[in-house]
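What follows is a set of notes on a single structure, which appears directly below.
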There are 2 protein chains.
Amino acid sequence: MIKVVIIGAGNVATHLYHCFREATDLDVVQVFNRNKDHLDFVKEPEKRVTDLSEIAEADLYLIAIKDEAIQDLAGKLKLKKGIVVHTSGSQDMQTLAGFDNYGVFYPLQTFSITKAVNFKEIPICLEANSEENLEFLKKTAALVSDKIFEVNSEQRRALHVSAVFVNNFSNHLFALAEDYCKQNQLPFEILRPLIKETVSKIETLDPYSAQTGPALRNDHKTIAAHLEMLDEDRKKIYTILTESIQNFHGKKL
Amino acid sequence: MIKVVIIGAGNVATHLYHCFREATDLDVVQVFNRNKDHLDFVKEPEKRVTDLSEIAEADLYLIAIKDEAIQDLAGKLKLKKGIVVHTSGSQDMQTLAGFDNYGVFYPLQTFSITKAVNFKEIPICLEANSEENLEFLKKTAALVSDKIFEVNSEQRRALHVSAVFVNNFSNHLFALAEDYCKQNQLPFEILRPLIKETVSKIETLDPYSAQTGPALRNDHKTIAAHLEMLDEDRKKIYTILTESIQNFHGKKL
């Protein structure tokens, strides 16, 4: 049985708690957060901890807190044994170099408190300060996910940026489209099948080959007509992305 | 039985042919294209037509050709009966005003020759020059799709622009991310679950509420670190979309 202490009470900490709690061979012995009110999601009251000095011995300490708070917390965490990892996409592993055994356990997914996710499908990106620790993290991650990747700090940062593009930015495009539909008395429902197909398409085609639209066709007339309809903010986005599609596919605007 | 003539041999024409051919109460009597070589997808050789003068009488003429060719073709099409519609998202219905009975039959989806789609799920946006013709189009569209919408020319143009945002532009963001992964020796597979979840999330949350990421959190440090990693093209896109997210959510960069 691998004993785990989770540090944090945000989206990632909450999802990790639920998923680790249900996994076989994993035992969440404590969840730490300074503010007890945020620990209500921990079903066993005796496992809620608000003082770092009360933290129990464990095999794995998962720091799932805001990026900017990791270094400070790591400095205050006094441990006799176990591996310490953080779950951040953008923080270097060396942030934890004050410990003997450390690494990164980065689940690449967008988490919302209100929506359950299937952890088995979530890629876990691992990094560790020794072969032995990496093996331990691999073994542990395999208890909750089928998709384990070994990823160094630089690659992890590249993934984090990529995640912003595919998740945050696409979602914002959906939000802009929804808002534009509202302005035109159109239900967003009408766009959902297209959004679904956009993603379904790249299961069989790579995104480069799946590209369609006026930018790719170099259809000046449609591009001009679209630009004329849009407000300044959407116009800028339309122009930049159209240019980028054309550069990427080797066409001139 | 509703008799249909399809004009065109591209992605939309091909998908409409297959779907209309399989529907009950619909009979594709002819498919027209100037170049016979492009009509191979029509299973019945006798239905392939390359001369406009040979076009048969039908109840519905579906013009599924390039936007810029519609007006010219419409001018040359001499009909005794039937309704003429085009399938374009951006062309005004009045392009077909030379006919007695006309309208628009716009399937809002991204079509690739190589990928089958479930037409039942595809929203069909209809417009017609009379109530009677609209009723006829609704009846016809209902034979192939469960999602029928009445949409005027202005709304259809708004939908077409929205489709560029949610489909073309998101797909390009996926392509940029895939390319960036390659540059960093990372498999694109690692991002697929995140892309899936991005879309799955907005089935239960509206895109505005589903927004996450450094732009929304106003996380200057991460934004600056990301910008430093990117090339000029991606940097521009990152900046514009970050600003847009912050404007949209009422925050200052």
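Labels for the structure tokens follow display order: chains A, B, ..., residues from 1 in each chain, ligands from 1.
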At a cut-off of 6 Å, list the chain A residues touching chain B, using only C-alpha atoms, as JSON, numbers by chain. {"A": [109, 162, 165, 166, 167, 168, 170, 173, 174, 175, 177, 194, 198, 207, 208, 213]}
Selected residues, N, CA, C and O atoms, written as a compact mmCIF listing (two decimals), in the first residue's frame, please.
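Wrote part.txt, looks like this:
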# COMPACT_ATOMS: atom_id res chain seq x y z
N GLN A 109 -4.61 17.78 -17.98
CA GLN A 109 -6.05 17.84 -18.21
C GLN A 109 -6.60 19.14 -17.66
O GLN A 109 -5.95 19.80 -16.86
N SER A 162 1.25 24.35 -25.06
CA SER A 162 0.37 23.69 -26.04
C SER A 162 -1.03 23.53 -25.47
O SER A 162 -2.02 23.67 -26.18
N PHE A 165 -2.98 26.58 -25.91
CA PHE A 165 -3.49 26.71 -27.28
C PHE A 165 -4.72 25.80 -27.51
O PHE A 165 -5.75 26.27 -27.98
N VAL A 166 -4.59 24.53 -27.19
CA VAL A 166 -5.68 23.61 -27.56
C VAL A 166 -6.87 23.71 -26.61
O VAL A 166 -8.00 23.45 -27.02
N ASN A 167 -6.63 24.08 -25.37
CA ASN A 167 -7.75 24.15 -24.44
C ASN A 167 -8.24 25.59 -24.20
O ASN A 167 -9.33 25.96 -24.61
N ASN A 168 -7.42 26.42 -23.58
CA ASN A 168 -7.87 27.78 -23.22
C ASN A 168 -8.29 28.59 -24.45
O ASN A 168 -9.34 29.22 -24.47
N SER A 170 -8.93 27.55 -27.68
CA SER A 170 -10.09 27.03 -28.44
C SER A 170 -11.37 27.32 -27.67
O SER A 170 -12.37 27.71 -28.27
N LEU A 173 -12.45 30.71 -28.34
CA LEU A 173 -13.07 30.84 -29.66
C LEU A 173 -14.53 30.36 -29.61
O LEU A 173 -15.41 30.97 -30.23
N PHE A 174 -14.77 29.27 -28.86
CA PHE A 174 -16.15 28.79 -28.71
C PHE A 174 -16.99 29.86 -28.00
O PHE A 174 -18.13 30.12 -28.38
N ALA A 175 -16.40 30.49 -26.98
CA ALA A 175 -17.13 31.50 -26.22
C ALA A 175 -17.46 32.72 -27.09
O ALA A 175 -18.56 33.26 -27.03
N ALA A 177 -17.83 32.69 -30.29
CA ALA A 177 -18.85 32.26 -31.25
C ALA A 177 -20.22 32.21 -30.58
O ALA A 177 -21.23 32.61 -31.17
N LEU A 194 -20.85 20.87 -35.15
CA LEU A 194 -19.64 21.26 -35.87
C LEU A 194 -18.42 21.20 -34.94
O LEU A 194 -17.35 20.72 -35.33
N THR A 198 -15.23 18.79 -35.41
CA THR A 198 -13.89 19.37 -35.50
C THR A 198 -12.89 18.49 -34.74
O THR A 198 -11.78 18.23 -35.21
N PRO A 207 -4.22 17.32 -37.62
CA PRO A 207 -4.86 18.65 -37.74
C PRO A 207 -4.41 19.42 -38.98
O PRO A 207 -5.20 20.16 -39.56
N TYR A 208 -3.17 19.24 -39.39
CA TYR A 208 -2.69 19.94 -40.59
C TYR A 208 -3.55 19.54 -41.80
O TYR A 208 -4.02 20.39 -42.55
N GLY A 213 -11.50 25.81 -44.92
CA GLY A 213 -11.96 27.18 -44.68
C GLY A 213 -11.39 28.21 -45.62
O GLY A 213 -10.48 27.93 -46.41
Which neighbours of Leu52 of chain B fall inside 10 Å, counting only C-alpha atoms, when residues of the same chain fewer than 2 positions from it are skipped, and could you give them as a short mmCIF file (atom, residue, chain, number, x, y, z; two decimals) with N, CA, C and O atoms, in the first residue's frame?
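Writing the result to around-v3.cif gives the following:
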data_model
loop_
_atom_site.label_atom_id
_atom_site.label_comp_id
_atom_site.auth_asym_id
_atom_site.auth_seq_id
_atom_site.Cartn_x
_atom_site.Cartn_y
_atom_site.Cartn_z
N ILE B 7 -26.33 19.60 -58.08
CA ILE B 7 -25.43 20.28 -59.00
C ILE B 7 -24.12 20.53 -58.26
O ILE B 7 -24.07 21.27 -57.27
N PHE B 32 -25.12 16.76 -61.58
CA PHE B 32 -24.48 17.50 -62.67
C PHE B 32 -23.09 17.99 -62.27
O PHE B 32 -22.88 18.50 -61.17
N ASN B 33 -22.15 17.84 -63.19
CA ASN B 33 -20.85 18.52 -63.08
C ASN B 33 -20.24 18.61 -64.48
O ASN B 33 -20.37 17.68 -65.27
N ARG B 34 -19.62 19.74 -64.78
CA ARG B 34 -19.07 19.93 -66.13
C ARG B 34 -18.07 18.84 -66.49
O ARG B 34 -18.03 18.36 -67.59
N VAL B 49 -24.50 13.76 -65.31
CA VAL B 49 -24.84 14.71 -66.37
C VAL B 49 -23.78 15.80 -66.44
O VAL B 49 -23.36 16.33 -65.41
N THR B 50 -23.33 16.13 -67.66
CA THR B 50 -22.27 17.14 -67.80
C THR B 50 -22.74 18.35 -68.62
O THR B 50 -22.00 19.30 -68.81
N GLU B 54 -29.26 19.00 -70.41
CA GLU B 54 -29.78 17.64 -70.18
C GLU B 54 -30.45 17.48 -68.82
O GLU B 54 -30.91 16.39 -68.48
N ILE B 55 -30.44 18.56 -68.04
CA ILE B 55 -30.97 18.42 -66.67
C ILE B 55 -32.46 18.12 -66.68
O ILE B 55 -33.24 18.75 -67.40
N ALA B 56 -32.82 17.12 -65.90
CA ALA B 56 -34.19 16.60 -65.89
C ALA B 56 -35.11 17.45 -65.02
O ALA B 56 -34.66 18.29 -64.25
N LEU B 73 -23.87 30.00 -62.70
CA LEU B 73 -24.61 28.77 -62.98
C LEU B 73 -26.12 29.03 -62.93
O LEU B 73 -26.87 28.56 -63.79
N LYS B 76 -27.64 30.31 -66.02
CA LYS B 76 -27.70 29.39 -67.17
C LYS B 76 -28.70 28.25 -67.00
O LYS B 76 -28.95 27.49 -67.94
N LEU B 77 -29.23 28.13 -65.79
CA LEU B 77 -30.10 26.99 -65.48
C LEU B 77 -31.54 27.34 -65.88
O LEU B 77 -32.15 28.26 -65.33
N LYS B 78 -32.08 26.62 -66.87
CA LYS B 78 -33.45 26.89 -67.33
C LYS B 78 -34.36 25.78 -66.81
O LYS B 78 -34.18 24.61 -67.15
#
Considering only C-alpha atoms, return as a ChimeraX atom specification whatever protein or nucleic-acid residues lie within 6 Å of segment 81-83 of chain A, sequence-local ones (same chain, fewer than 5 positions apart) excluded. /A:58-60,101-102
Which of segment 50-131 of chain B DSSP labels helix (DSSP H, G or I), written as a PyMOL selection string: chain B and resi 52-54+67-76+93-96+119-121+131
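Minimum atom-to-atom distance to Pro107 of chain A, evaluated using only C-alpha atoms, belongs to A:Ser145 out of A:Ser145, A:Asn152, A:Thr140, A:Asn35.
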Work out how far atom CA of Glu46 of chain B is from atom CA of Val144 of chain B, in Å to one decimal. 24.0 Å
Near-segment 129-133 of chain B list (9 Å; only C-alpha atoms; drop same-chain fewer than 2 positions) as an MDAnalysis selection string: chainID B and resid 83 93:94 97 100:103 127 135:138
Residues of the last selection are to be written out with N, CA, C and O atoms, as a PDB file, in the first residue's frame.
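As written to disk, result_20.pdb reads:
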ATOM      1  N   ILE B  83     -38.006  23.789 -56.986  1.00  0.00           N
ATOM      2  CA  ILE B  83     -37.365  24.822 -56.170  1.00  0.00           C
ATOM      3  C   ILE B  83     -35.856  24.726 -56.351  1.00  0.00           C
ATOM      4  O   ILE B  83     -35.299  23.622 -56.357  1.00  0.00           O
ATOM      5  N   MET B  93     -29.596  34.619 -50.261  1.00  0.00           N
ATOM      6  CA  MET B  93     -30.627  33.852 -50.972  1.00  0.00           C
ATOM      7  C   MET B  93     -30.988  34.514 -52.289  1.00  0.00           C
ATOM      8  O   MET B  93     -31.301  33.844 -53.284  1.00  0.00           O
ATOM      9  N   GLN B  94     -30.907  35.854 -52.321  1.00  0.00           N
ATOM     10  CA  GLN B  94     -31.324  36.598 -53.515  1.00  0.00           C
ATOM     11  C   GLN B  94     -30.454  36.322 -54.747  1.00  0.00           C
ATOM     12  O   GLN B  94     -30.831  36.697 -55.858  1.00  0.00           O
ATOM     13  N   ALA B  97     -32.674  34.817 -57.106  1.00  0.00           N
ATOM     14  CA  ALA B  97     -33.964  35.495 -57.293  1.00  0.00           C
ATOM     15  C   ALA B  97     -34.482  35.434 -58.731  1.00  0.00           C
ATOM     16  O   ALA B  97     -35.635  35.773 -59.001  1.00  0.00           O
ATOM     17  N   ASP B 100     -38.511  31.293 -59.959  1.00  0.00           N
ATOM     18  CA  ASP B 100     -39.792  31.545 -59.291  1.00  0.00           C
ATOM     19  C   ASP B 100     -39.760  31.068 -57.844  1.00  0.00           C
ATOM     20  O   ASP B 100     -40.271  31.717 -56.943  1.00  0.00           O
ATOM     21  N   ASN B 101     -39.162  29.899 -57.656  1.00  0.00           N
ATOM     22  CA  ASN B 101     -39.141  29.274 -56.327  1.00  0.00           C
ATOM     23  C   ASN B 101     -37.699  28.994 -55.935  1.00  0.00           C
ATOM     24  O   ASN B 101     -37.004  28.233 -56.623  1.00  0.00           O
ATOM     25  N   TYR B 102     -37.275  29.604 -54.828  1.00  0.00           N
ATOM     26  CA  TYR B 102     -35.868  29.443 -54.465  1.00  0.00           C
ATOM     27  C   TYR B 102     -35.657  29.554 -52.959  1.00  0.00           C
ATOM     28  O   TYR B 102     -36.577  29.967 -52.220  1.00  0.00           O
ATOM     29  N   GLY B 103     -34.466  29.182 -52.563  1.00  0.00           N
ATOM     30  CA  GLY B 103     -34.179  29.208 -51.132  1.00  0.00           C
ATOM     31  C   GLY B 103     -32.758  28.778 -50.852  1.00  0.00           C
ATOM     32  O   GLY B 103     -31.901  28.747 -51.745  1.00  0.00           O
ATOM     33  N   GLU B 127     -33.930  28.587 -45.660  1.00  0.00           N
ATOM     34  CA  GLU B 127     -34.521  29.885 -45.963  1.00  0.00           C
ATOM     35  C   GLU B 127     -35.239  29.705 -47.301  1.00  0.00           C
ATOM     36  O   GLU B 127     -34.776  28.933 -48.146  1.00  0.00           O
ATOM     37  N   GLU B 135     -41.989  25.417 -46.244  1.00  0.00           N
ATOM     38  CA  GLU B 135     -42.596  24.170 -45.742  1.00  0.00           C
ATOM     39  C   GLU B 135     -42.067  22.964 -46.505  1.00  0.00           C
ATOM     40  O   GLU B 135     -41.768  21.924 -45.927  1.00  0.00           O
ATOM     41  N   PHE B 136     -41.949  23.138 -47.818  1.00  0.00           N
ATOM     42  CA  PHE B 136     -41.433  22.040 -48.652  1.00  0.00           C
ATOM     43  C   PHE B 136     -39.994  21.695 -48.251  1.00  0.00           C
ATOM     44  O   PHE B 136     -39.631  20.521 -48.100  1.00  0.00           O
ATOM     45  N   LEU B 137     -39.161  22.739 -48.040  1.00  0.00           N
ATOM     46  CA  LEU B 137     -37.756  22.497 -47.663  1.00  0.00           C
ATOM     47  C   LEU B 137     -37.666  21.831 -46.293  1.00  0.00           C
ATOM     48  O   LEU B 137     -36.851  20.941 -46.072  1.00  0.00           O
ATOM     49  N   LYS B 138     -38.544  22.268 -45.377  1.00  0.00           N
ATOM     50  CA  LYS B 138     -38.545  21.650 -44.045  1.00  0.00           C
ATOM     51  C   LYS B 138     -38.874  20.164 -44.133  1.00  0.00           C
ATOM     52  O   LYS B 138     -38.233  19.335 -43.498  1.00  0.00           O
TER      53      LYS B 138
END
Among the residues of segment 50-148 of chain A, find those DSSP assigns to strand (DSSP E) from the backbone and print them as a PyMOL selection string. chain A and resi 60-63+83-86+102-107+124-128+148
Those same residues - N, CA, C and O atoms - I'd like them written as a compact mmCIF listing (two decimals), in the first residue's frame.
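File produced: part_6.txt:
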# COMPACT_ATOMS: atom_id res chain seq x y z
N LEU A 60 4.57 9.26 -0.59
CA LEU A 60 4.47 10.26 -1.65
C LEU A 60 3.76 11.51 -1.15
O LEU A 60 2.68 11.41 -0.56
N TYR A 61 4.37 12.65 -1.39
CA TYR A 61 3.77 13.94 -1.05
C TYR A 61 3.47 14.66 -2.36
O TYR A 61 4.39 14.97 -3.12
N LEU A 62 2.18 14.89 -2.60
CA LEU A 62 1.75 15.52 -3.86
C LEU A 62 1.42 16.99 -3.59
O LEU A 62 0.41 17.28 -2.94
N ILE A 63 2.24 17.88 -4.09
CA ILE A 63 1.97 19.31 -3.89
C ILE A 63 1.14 19.82 -5.07
O ILE A 63 1.64 19.98 -6.18
N ILE A 83 8.89 10.62 -1.28
CA ILE A 83 9.19 11.45 -2.45
C ILE A 83 8.23 12.63 -2.49
O ILE A 83 7.03 12.46 -2.25
N VAL A 84 8.75 13.80 -2.79
CA VAL A 84 7.91 14.99 -2.93
C VAL A 84 7.79 15.35 -4.41
O VAL A 84 8.80 15.47 -5.11
N VAL A 85 6.56 15.52 -4.87
CA VAL A 85 6.37 15.93 -6.27
C VAL A 85 5.39 17.09 -6.32
O VAL A 85 4.56 17.25 -5.42
N HIS A 86 5.53 17.92 -7.36
CA HIS A 86 4.46 18.89 -7.60
C HIS A 86 3.70 18.49 -8.85
O HIS A 86 4.13 17.60 -9.59
N TYR A 102 12.69 13.72 -5.14
CA TYR A 102 11.67 14.63 -5.65
C TYR A 102 11.40 14.41 -7.14
O TYR A 102 12.17 13.70 -7.82
N GLY A 103 10.34 15.03 -7.58
CA GLY A 103 9.97 14.84 -8.99
C GLY A 103 8.74 15.64 -9.34
O GLY A 103 8.33 16.55 -8.62
N VAL A 104 8.15 15.29 -10.49
CA VAL A 104 6.95 15.98 -10.97
C VAL A 104 5.92 14.94 -11.37
O VAL A 104 6.26 13.90 -11.95
N PHE A 105 4.68 15.22 -11.05
CA PHE A 105 3.55 14.34 -11.36
C PHE A 105 2.48 15.27 -11.95
O PHE A 105 1.67 15.84 -11.24
N TYR A 106 2.56 15.47 -13.27
CA TYR A 106 1.73 16.48 -13.94
C TYR A 106 0.62 15.82 -14.75
O TYR A 106 0.88 15.24 -15.79
N PRO A 107 -0.61 15.90 -14.26
CA PRO A 107 -1.72 15.35 -15.04
C PRO A 107 -2.17 16.39 -16.07
O PRO A 107 -2.56 17.50 -15.70
N ILE A 124 -0.38 11.26 -17.58
CA ILE A 124 0.39 11.73 -16.43
C ILE A 124 1.84 11.87 -16.89
O ILE A 124 2.44 10.91 -17.36
N CYS A 125 2.37 13.10 -16.77
CA CYS A 125 3.74 13.36 -17.21
C CYS A 125 4.65 13.32 -15.98
O CYS A 125 4.46 14.08 -15.04
N LEU A 126 5.63 12.44 -16.04
CA LEU A 126 6.47 12.20 -14.86
C LEU A 126 7.91 12.63 -15.11
O LEU A 126 8.45 12.53 -16.21
N GLU A 127 8.54 13.09 -14.02
CA GLU A 127 9.95 13.42 -14.03
C GLU A 127 10.44 13.15 -12.60
O GLU A 127 9.68 13.32 -11.64
N ALA A 128 11.68 12.70 -12.44
CA ALA A 128 12.18 12.45 -11.08
C ALA A 128 13.68 12.68 -11.03
O ALA A 128 14.35 12.70 -12.06
N ILE A 148 0.98 6.94 -19.17
CA ILE A 148 2.12 7.47 -18.44
C ILE A 148 3.20 7.92 -19.42
O ILE A 148 3.56 7.16 -20.32
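With only C-alpha atoms as the atoms that count, the minimum distance from Ala9 of chain B to the choices B:Asn118, B:Asn218, B:Gln30, B:Thr24 is reached by B:Gln30.
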